[in-house]
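Notes follow the structure.
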Amino acid sequence: MVHQTISTRITRAASASSKIRTMNWTLPRLVVTALIVGTLAACSTPPAPYPSHPAPPPAPAAPSVPGAAWLPDDTGPLPPPLAQPKSRWVPVRWSELPGVTEDALHEAWNAWIKSCERPVAPFTALCGEVRQLSIASSEEQRAWLVARLRPYRVESHEGNPEGLLTAYYEPLVEAARQPGNGFTVPLHRLPANHGARKPWYTRQQIDTLPEAQAQLAGRAIAWLNDPVDALVLQIQGSGRLRIQEADGSVRLVRVAYAGTNDQPYQSVGRWLLDQGLTRDATWPGIKAWIAANPQRVNELLWSNPRYVFFREEPLDALDAGFGPRGAQGVPLTPGRSIAVDRQSIPYGTPVWLASSGPQVQLSRLVLAQDTGSAILGAVRADYFTGWGPEAGEIAGRLKQGLRLWALWPR
């Protein structure tokens with residue numbers, strides 16, 4: 001997916017997520033029953049370790065008291081750090097993880113089960129146990145995590161563990177299947193000759209050149225009434241349309257990322273700042289500038305040459321309870337899925353995330369299930385907030401410090 005941090009005018013819809021201090025998300029709660037967590041054998045092959053370190057010690061035994069809120073007396077030698085192309089993972093004690101005994105892990109388990117639909121080594125062998133523990137208590141799930149996984153602090157190769165957290169969401173906008181009555185802004189499928197030239201036409205050329213428009217004739221999925229809404233859908237990488245069909249009926253569909261024109265992404269907020277046109281590049285600030293300068297909207301839009309193409313997907317009741325599919329190929333779970341730089345953290349990795357700032361206070365288990373064009377670096381994450389007004393409000397403003405711990409099989 002291609003997404004940045006931005007918000008827009010959207011129609012209210014129920015959003016689903018876990019609890020954070022600035023919003024009320026809801027997820028179906030699973031029936032909690034008791035499972036006995038027995039001794040579990042170690043499995044999987046970790047990434048290549050940094051050289052000249054001793055071999056990892058044997059995996060510790062699982063807790064002897066099932067269901068206890070348990071952290072090990074973890075005083076033995078730690079394994080060596082692990083190397084990723086863009087990060088260094090440093091092994092730590094479980095006690096280093098903020099809030100590790102307090103998170104409602106069953107909410108993260110929903111996201112983990114989704115990851116198991118497209119399992120990635122070395123977590124493939126754990127998926128059977130993950131599914132079995134879906135109806136366990138948080139204490140039992142926590143005990144299993146401690147027995148099976150080792151936390152590694154994610155840091156740059158220079159040793160910096162601090163990074164940046166932003167957020168993204170799934171916009172919900174009004175649309176029409178046919179142009180007219182104010183609906184004049186198309187959302188396009190990939191052009192038939194998309195691979196014939198790279199890069200393809202810029203956003204401005206798509207809007208103005210007859211040859212570009214000819215190649216997109218008949219390729220519109222739907223029509224919007226606001227070009228800024230279209231830009232926001234392209235920035236977020238997907239969205240939900242409440243679409244009026246030609247027969248007058250209305251239904252909900254999803255438009256998902258299908259590709260781009262291979263032009264570079266440029267932030268419209270950064271353009272406003274560089275032009276000295278605003279001091280507030282948050283989405284409320286951008287909207288205020290647009291309201292005061294409607295004659296310059298195209299100039300603003302064309303400052304970003306990248307253009308995103310979509311594909312339409314049905315949105316039944318089950319699909320509506322999850323977000324779009326991320327780069328791992330599984331549906332995103334609000335509040336429990338993150339986009340990462342996959343050269344720092346592989347897809348499918350469970351990650352402990354800690355971030356404290358004016359927008360949210362987070363200490364929780366999340367799953368690395370997506371990526372984004374601006375999500376680059378060792379300690380970098382984009383937090384999927386869901387859909388609807390509250391999700392958009394958080395996504396449009398969230399920009400604060402971040403620390404990450406990758407949880408890797410022992």
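Chain lettering (A, B, ...) mirrors the order of the structure tokens, residue numbering begins at 1 for each chain separately, and ligand numbering begins at 1 in order of display.
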Counting only C-alpha atoms, what are the residues of range 163-273 of chain A within 10 Å of range 401-404 of chain A, and for each of them which pair of atoms is the nearest and at what distance in Å, to one decimal? Sort the table by chain and rising number, as CSV.
residue,atom,partner,partner_atom,distance
A:Gly163,CA,A:Leu402,CA,4.8
A:Leu164,CA,A:Gly401,CA,4.9
A:Leu165,CA,A:Leu402,CA,5.5
A:Thr166,CA,A:Gly401,CA,9.0
So that I have them on file, write out the residues from the current selection with N, CA and C atoms, as a PDB file, in the first residue's frame.
ATOM      1  N   GLY A 163      12.623   6.253  17.323  1.00  0.00           N
ATOM      2  CA  GLY A 163      12.132   6.417  15.966  1.00  0.00           C
ATOM      3  C   GLY A 163      10.859   7.235  15.927  1.00  0.00           C
ATOM      4  N   LEU A 164      10.089   7.050  14.862  1.00  0.00           N
ATOM      5  CA  LEU A 164       8.914   7.878  14.597  1.00  0.00           C
ATOM      6  C   LEU A 164       7.692   7.002  14.344  1.00  0.00           C
ATOM      7  N   LEU A 165       6.584   7.369  14.998  1.00  0.00           N
ATOM      8  CA  LEU A 165       5.298   6.724  14.774  1.00  0.00           C
ATOM      9  C   LEU A 165       4.347   7.709  14.109  1.00  0.00           C
ATOM     10  N   THR A 166       3.768   7.292  12.992  1.00  0.00           N
ATOM     11  CA  THR A 166       2.657   8.005  12.372  1.00  0.00           C
ATOM     12  C   THR A 166       1.503   7.019  12.245  1.00  0.00           C
TER      13      THR A 166
END
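Counting only C-alpha atoms, Trp405 in chain A has the following residues at most 7 Å away, ignoring those fewer than 3 positions along the same chain: A:Pro151, A:Tyr152, A:Arg153, A:Val154, A:Val351, A:Trp352, A:Leu353.
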For range 251-264 of chain A, find every residue with an atom within 7 Å (counting only C-alpha atoms), except residues of its own chain fewer than 3 positions away, and show them as a PyMOL selection string. chain A and resi 1+190+198-202+237-244+305-315+324
Name the residues of range 67-302 of chain A that fall into strand (DSSP E or B) according to DSSP on the backbone, using the chain letters and numbers of this document, as an NGL selection string. :A and (82-84 or 87-91 or 149-155 or 163-170 or 172-176 or 180 or 183 or 185-188 or 220-224 or 238-244 or 250-260)
Distance query range 84-89 of chain A at most 12 Å, only C-alpha atoms, self and fewer than 6 positions along chain excluded, as a ChimeraX atom specification: /A:46-50,150-163,340-346,351,376-380,404-408
Please produce a file of those selected residues containing N, CA and C atoms, as a compact mmCIF listing (two decimals), in the first residue's frame.
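Result file selection06.txt:
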# COMPACT_ATOMS: atom_id res chain seq x y z
N PRO A 46 16.47 -18.12 13.09
CA PRO A 46 16.49 -16.66 13.15
C PRO A 46 17.31 -16.07 12.01
N PRO A 47 17.24 -14.74 11.83
CA PRO A 47 18.11 -14.10 10.85
C PRO A 47 19.57 -14.30 11.22
N ALA A 48 20.47 -13.99 10.27
CA ALA A 48 21.89 -14.20 10.50
C ALA A 48 22.36 -13.37 11.69
N PRO A 49 23.00 -14.00 12.69
CA PRO A 49 23.47 -13.22 13.85
C PRO A 49 24.70 -12.41 13.50
N TYR A 50 24.96 -11.36 14.31
CA TYR A 50 26.23 -10.66 14.19
C TYR A 50 27.33 -11.66 14.51
N ARG A 150 11.62 -14.53 22.04
CA ARG A 150 12.61 -13.68 22.70
C ARG A 150 12.44 -12.26 22.19
N PRO A 151 12.35 -11.25 23.08
CA PRO A 151 12.26 -9.86 22.62
C PRO A 151 13.64 -9.31 22.23
N TYR A 152 13.65 -8.58 21.13
CA TYR A 152 14.86 -7.91 20.66
C TYR A 152 14.54 -6.43 20.46
N ARG A 153 15.31 -5.58 21.07
CA ARG A 153 15.13 -4.16 20.86
C ARG A 153 15.62 -3.80 19.46
N VAL A 154 14.74 -3.12 18.69
CA VAL A 154 15.09 -2.71 17.34
C VAL A 154 15.78 -1.35 17.40
N GLU A 155 16.95 -1.26 16.79
CA GLU A 155 17.67 0.00 16.77
C GLU A 155 18.44 0.13 15.46
N SER A 156 18.89 1.33 15.18
CA SER A 156 19.69 1.54 13.98
C SER A 156 21.04 0.85 14.14
N HIS A 157 21.76 0.71 13.06
CA HIS A 157 23.09 0.12 13.14
C HIS A 157 24.03 0.97 13.97
N GLU A 158 23.68 2.24 14.15
CA GLU A 158 24.48 3.12 15.00
C GLU A 158 24.08 3.03 16.46
N GLY A 159 23.03 2.24 16.77
CA GLY A 159 22.64 2.03 18.15
C GLY A 159 21.52 2.92 18.65
N ASN A 160 20.83 3.63 17.76
CA ASN A 160 19.74 4.52 18.19
C ASN A 160 18.42 3.74 18.23
N PRO A 161 17.78 3.60 19.42
CA PRO A 161 16.52 2.87 19.52
C PRO A 161 15.28 3.75 19.34
N GLU A 162 15.46 5.04 19.11
CA GLU A 162 14.34 5.97 19.01
C GLU A 162 13.94 6.15 17.56
N GLY A 163 12.62 6.25 17.32
CA GLY A 163 12.13 6.42 15.97
C GLY A 163 10.86 7.23 15.93
N VAL A 340 5.69 -1.20 8.24
CA VAL A 340 7.09 -1.09 8.63
C VAL A 340 7.96 -1.05 7.39
N ASP A 341 9.22 -0.75 7.59
CA ASP A 341 10.23 -0.95 6.56
C ASP A 341 10.63 -2.42 6.62
N ARG A 342 10.32 -3.17 5.59
CA ARG A 342 10.53 -4.62 5.67
C ARG A 342 12.01 -4.99 5.66
N GLN A 343 12.90 -4.03 5.39
CA GLN A 343 14.33 -4.31 5.54
C GLN A 343 14.80 -4.11 6.97
N SER A 344 13.89 -3.65 7.81
CA SER A 344 14.18 -3.57 9.24
C SER A 344 13.44 -4.65 10.02
N ILE A 345 12.15 -4.85 9.67
CA ILE A 345 11.32 -5.85 10.35
C ILE A 345 10.57 -6.64 9.28
N PRO A 346 10.75 -7.96 9.20
CA PRO A 346 10.05 -8.74 8.18
C PRO A 346 8.54 -8.77 8.41
N VAL A 351 5.43 -7.59 17.11
CA VAL A 351 6.27 -6.48 17.55
C VAL A 351 5.64 -5.85 18.79
N LEU A 376 10.23 4.30 6.12
CA LEU A 376 11.60 3.90 5.87
C LEU A 376 12.44 4.13 7.12
N GLY A 377 13.31 3.18 7.43
CA GLY A 377 14.22 3.34 8.55
C GLY A 377 14.09 2.21 9.55
N ALA A 378 15.03 2.16 10.48
CA ALA A 378 15.11 1.06 11.44
C ALA A 378 13.93 1.06 12.39
N VAL A 379 13.66 2.20 13.03
CA VAL A 379 12.60 2.30 14.04
C VAL A 379 11.54 3.24 13.47
N ARG A 380 10.67 2.69 12.65
CA ARG A 380 9.67 3.48 11.92
C ARG A 380 8.43 2.63 11.76
N LEU A 404 10.51 0.11 19.44
CA LEU A 404 9.99 -1.17 18.96
C LEU A 404 10.86 -2.32 19.47
N TRP A 405 10.20 -3.45 19.76
CA TRP A 405 10.88 -4.69 20.09
C TRP A 405 10.31 -5.80 19.21
N ALA A 406 11.15 -6.43 18.43
CA ALA A 406 10.71 -7.57 17.61
C ALA A 406 10.70 -8.82 18.48
N LEU A 407 9.64 -9.61 18.37
CA LEU A 407 9.52 -10.86 19.12
C LEU A 407 9.82 -12.00 18.16
N TRP A 408 10.91 -12.70 18.42
CA TRP A 408 11.44 -13.69 17.47
C TRP A 408 11.51 -15.05 18.13
As a JSON list (two decimals) with N, CA and C atoms, in the first residue's frame, please: the residues near Leu216 in chain A (cut-off 6 Å, only C-alpha atoms, same-chain neighbours under 3 positions excluded).
[["chain", "number", "residue", "atom", "x", "y", "z"],
["A", 191, "PRO", "N", -4.37, 1.87, -16.20],
["A", 191, "PRO", "CA", -4.55, 1.97, -17.66],
["A", 191, "PRO", "C", -4.09, 0.70, -18.35],
["A", 213, "GLN", "N", -5.59, 11.34, -20.94],
["A", 213, "GLN", "CA", -7.01, 11.14, -20.66],
["A", 213, "GLN", "C", -7.60, 10.08, -21.58],
["A", 219, "ARG", "N", -11.98, 3.84, -17.81],
["A", 219, "ARG", "CA", -11.27, 3.16, -16.73],
["A", 219, "ARG", "C", -11.70, 3.65, -15.36]]
Would you list the contacts of Pro186 in chain A as an mmCIF file with N, CA and C atoms, in the first residue's frame, taking every protein, DNA or RNA residue within 10 Å and counting only C-alpha atoms, but skipping same-chain residues closer than 5 positions in sequence?
data_model
loop_
_atom_site.group_PDB
_atom_site.id
_atom_site.type_symbol
_atom_site.label_atom_id
_atom_site.label_comp_id
_atom_site.auth_asym_id
_atom_site.auth_seq_id
_atom_site.Cartn_x
_atom_site.Cartn_y
_atom_site.Cartn_z
ATOM 1 N N ALA A 175 -19.653 8.561 -3.247
ATOM 2 C CA ALA A 175 -19.257 8.414 -4.647
ATOM 3 C C ALA A 175 -20.462 8.058 -5.501
ATOM 4 N N ALA A 176 -20.303 8.167 -6.797
ATOM 5 C CA ALA A 176 -21.347 7.796 -7.755
ATOM 6 C C ALA A 176 -20.728 6.949 -8.850
ATOM 7 N N ARG A 177 -21.505 6.027 -9.373
ATOM 8 C CA ARG A 177 -21.002 5.152 -10.428
ATOM 9 C C ARG A 177 -20.878 5.906 -11.760
ATOM 10 N N GLN A 178 -21.713 6.913 -11.964
ATOM 11 C CA GLN A 178 -21.691 7.702 -13.190
ATOM 12 C C GLN A 178 -21.399 9.160 -12.851
ATOM 13 N N PRO A 179 -20.710 9.894 -13.744
ATOM 14 C CA PRO A 179 -20.440 11.310 -13.472
ATOM 15 C C PRO A 179 -21.715 12.142 -13.589
ATOM 16 N N LEU A 216 -7.118 6.680 -20.298
ATOM 17 C CA LEU A 216 -7.906 6.365 -19.106
ATOM 18 C C LEU A 216 -9.408 6.362 -19.394
ATOM 19 N N ARG A 219 -11.982 3.840 -17.815
ATOM 20 C CA ARG A 219 -11.274 3.156 -16.730
ATOM 21 C C ARG A 219 -11.704 3.649 -15.355
ATOM 22 N N ALA A 220 -12.715 4.511 -15.285
ATOM 23 C CA ALA A 220 -13.145 5.043 -13.985
ATOM 24 C C ALA A 220 -13.957 4.003 -13.221
ATOM 25 N N ILE A 221 -13.567 3.758 -11.967
ATOM 26 C CA ILE A 221 -14.343 2.889 -11.085
ATOM 27 C C ILE A 221 -15.554 3.640 -10.556
ATOM 28 N N ALA A 222 -15.335 4.889 -10.152
ATOM 29 C CA ALA A 222 -16.390 5.712 -9.560
ATOM 30 C C ALA A 222 -15.965 7.162 -9.670
ATOM 31 N N TRP A 223 -16.905 8.052 -9.293
ATOM 32 C CA TRP A 223 -16.671 9.480 -9.388
ATOM 33 C C TRP A 223 -16.949 10.125 -8.033
ATOM 34 N N LEU A 224 -16.052 11.012 -7.612
ATOM 35 C CA LEU A 224 -16.186 11.735 -6.349
ATOM 36 C C LEU A 224 -16.550 13.188 -6.638
ATOM 37 N N ASN A 225 -16.979 13.886 -5.593
ATOM 38 C CA ASN A 225 -17.346 15.290 -5.771
ATOM 39 C C ASN A 225 -16.283 16.254 -5.255
ATOM 40 N N ASP A 226 -15.113 15.730 -4.867
ATOM 41 C CA ASP A 226 -14.076 16.599 -4.320
ATOM 42 C C ASP A 226 -12.711 16.036 -4.715
ATOM 43 N N PRO A 227 -11.890 16.803 -5.467
ATOM 44 C CA PRO A 227 -10.571 16.289 -5.862
ATOM 45 C C PRO A 227 -9.652 16.032 -4.668
ATOM 46 N N ALA A 230 -10.191 12.555 -3.442
ATOM 47 C CA ALA A 230 -9.481 11.602 -4.287
ATOM 48 C C ALA A 230 -8.001 11.543 -3.919
#
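Between CA of Ala354 in chain A and CA of Arg93 in chain A the interatomic distance comes to 15.6 Å.
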Restricting the calculation to only C-alpha atoms: of A:Glu107, A:Glu96, A:Glu129, A:Asp382, which residue gets closest to Gly326 in chain A? A:Asp382
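Across A:Gly396, A:Ala192, A:Glu390, A:Ile338, the tightest approach to Ala217 in chain A is made by A:Ala192 when counting only C-alpha atoms.
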Skip Ile290 in chain A itself and residues of its chain fewer than 6 positions away, then list as a VMD selection string all residues within 10 Å of it, counting only C-alpha atoms. chain A and resid 228 284 296 to 297 300
Given the selection you just returned, output its residues as a file containing all heavy atoms, formatted as a PDB file, in the first residue's frame.
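Saved to part-v3.pdb:
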ATOM      1  N   VAL A 228      -9.866  16.734  -3.558  1.00  0.00           N
ATOM      2  CA  VAL A 228      -9.039  16.509  -2.378  1.00  0.00           C
ATOM      3  C   VAL A 228      -9.357  15.146  -1.755  1.00  0.00           C
ATOM      4  O   VAL A 228      -8.466  14.448  -1.258  1.00  0.00           O
ATOM      5  CB  VAL A 228      -9.214  17.655  -1.372  1.00  0.00           C
ATOM      6  CG1 VAL A 228      -8.361  17.424  -0.139  1.00  0.00           C
ATOM      7  CG2 VAL A 228      -8.842  18.986  -2.021  1.00  0.00           C
ATOM      8  N   PRO A 284      -6.063  19.682   9.257  1.00  0.00           N
ATOM      9  CA  PRO A 284      -6.913  20.848   9.500  1.00  0.00           C
ATOM     10  C   PRO A 284      -6.323  22.127   8.909  1.00  0.00           C
ATOM     11  O   PRO A 284      -7.049  22.958   8.362  1.00  0.00           O
ATOM     12  CB  PRO A 284      -7.007  20.906  11.024  1.00  0.00           C
ATOM     13  CG  PRO A 284      -6.845  19.491  11.460  1.00  0.00           C
ATOM     14  CD  PRO A 284      -5.830  18.920  10.510  1.00  0.00           C
ATOM     15  N   ARG A 296      -6.670  27.852  -6.067  1.00  0.00           N
ATOM     16  CA  ARG A 296      -5.318  27.286  -6.142  1.00  0.00           C
ATOM     17  C   ARG A 296      -5.289  25.796  -5.803  1.00  0.00           C
ATOM     18  O   ARG A 296      -4.212  25.234  -5.588  1.00  0.00           O
ATOM     19  CB  ARG A 296      -4.380  28.048  -5.192  1.00  0.00           C
ATOM     20  CG  ARG A 296      -4.254  29.532  -5.506  1.00  0.00           C
ATOM     21  CD  ARG A 296      -3.159  30.187  -4.697  1.00  0.00           C
ATOM     22  NE  ARG A 296      -1.829  29.716  -5.082  1.00  0.00           N
ATOM     23  CZ  ARG A 296      -0.694  30.145  -4.507  1.00  0.00           C
ATOM     24  NH1 ARG A 296      -0.747  31.043  -3.520  1.00  0.00           N
ATOM     25  NH2 ARG A 296       0.476  29.675  -4.900  1.00  0.00           N
ATOM     26  N   VAL A 297      -6.457  25.151  -5.786  1.00  0.00           N
ATOM     27  CA  VAL A 297      -6.509  23.736  -5.423  1.00  0.00           C
ATOM     28  C   VAL A 297      -5.693  22.886  -6.398  1.00  0.00           C
ATOM     29  O   VAL A 297      -4.929  22.004  -5.989  1.00  0.00           O
ATOM     30  CB  VAL A 297      -7.967  23.239  -5.346  1.00  0.00           C
ATOM     31  CG1 VAL A 297      -8.006  21.706  -5.248  1.00  0.00           C
ATOM     32  CG2 VAL A 297      -8.665  23.842  -4.138  1.00  0.00           C
ATOM     33  N   LEU A 300      -2.068  23.071  -5.720  1.00  0.00           N
ATOM     34  CA  LEU A 300      -1.733  22.238  -4.565  1.00  0.00           C
ATOM     35  C   LEU A 300      -1.653  20.773  -4.958  1.00  0.00           C
ATOM     36  O   LEU A 300      -0.679  20.079  -4.647  1.00  0.00           O
ATOM     37  CB  LEU A 300      -2.777  22.430  -3.471  1.00  0.00           C
ATOM     38  CG  LEU A 300      -2.682  21.501  -2.254  1.00  0.00           C
ATOM     39  CD1 LEU A 300      -1.543  21.939  -1.347  1.00  0.00           C
ATOM     40  CD2 LEU A 300      -3.990  21.467  -1.486  1.00  0.00           C
TER      41      LEU A 300
END
Using only C-alpha atoms, can you tell me which of A:Ala125, A:Ala381, A:Leu105, A:Leu273 comes closest to Tyr168 in chain A? A:Ala381
Could you check which of A:Gln204, A:Thr75, A:Ala374, A:Gly285 is closest to Glu299 in chain A, using only C-alpha atoms? A:Gln204
Pick out each residue of range 74-322 of chain A that DSSP on the backbone tags as helix (DSSP H, G or I); I need them as a ChimeraX atom specification. /A:94-96,105-115,124-135,138-148,194-196,203-208,210-215,227-236,268-274,283-292,294-302,319-321
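CA of Ser115 in chain A is found 18.9 Å from CA of Ser138 in chain A.
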Taken to one decimal, the CA of Gly269 in chain A-CA of Leu367 in chain A distance is 29.1 Å
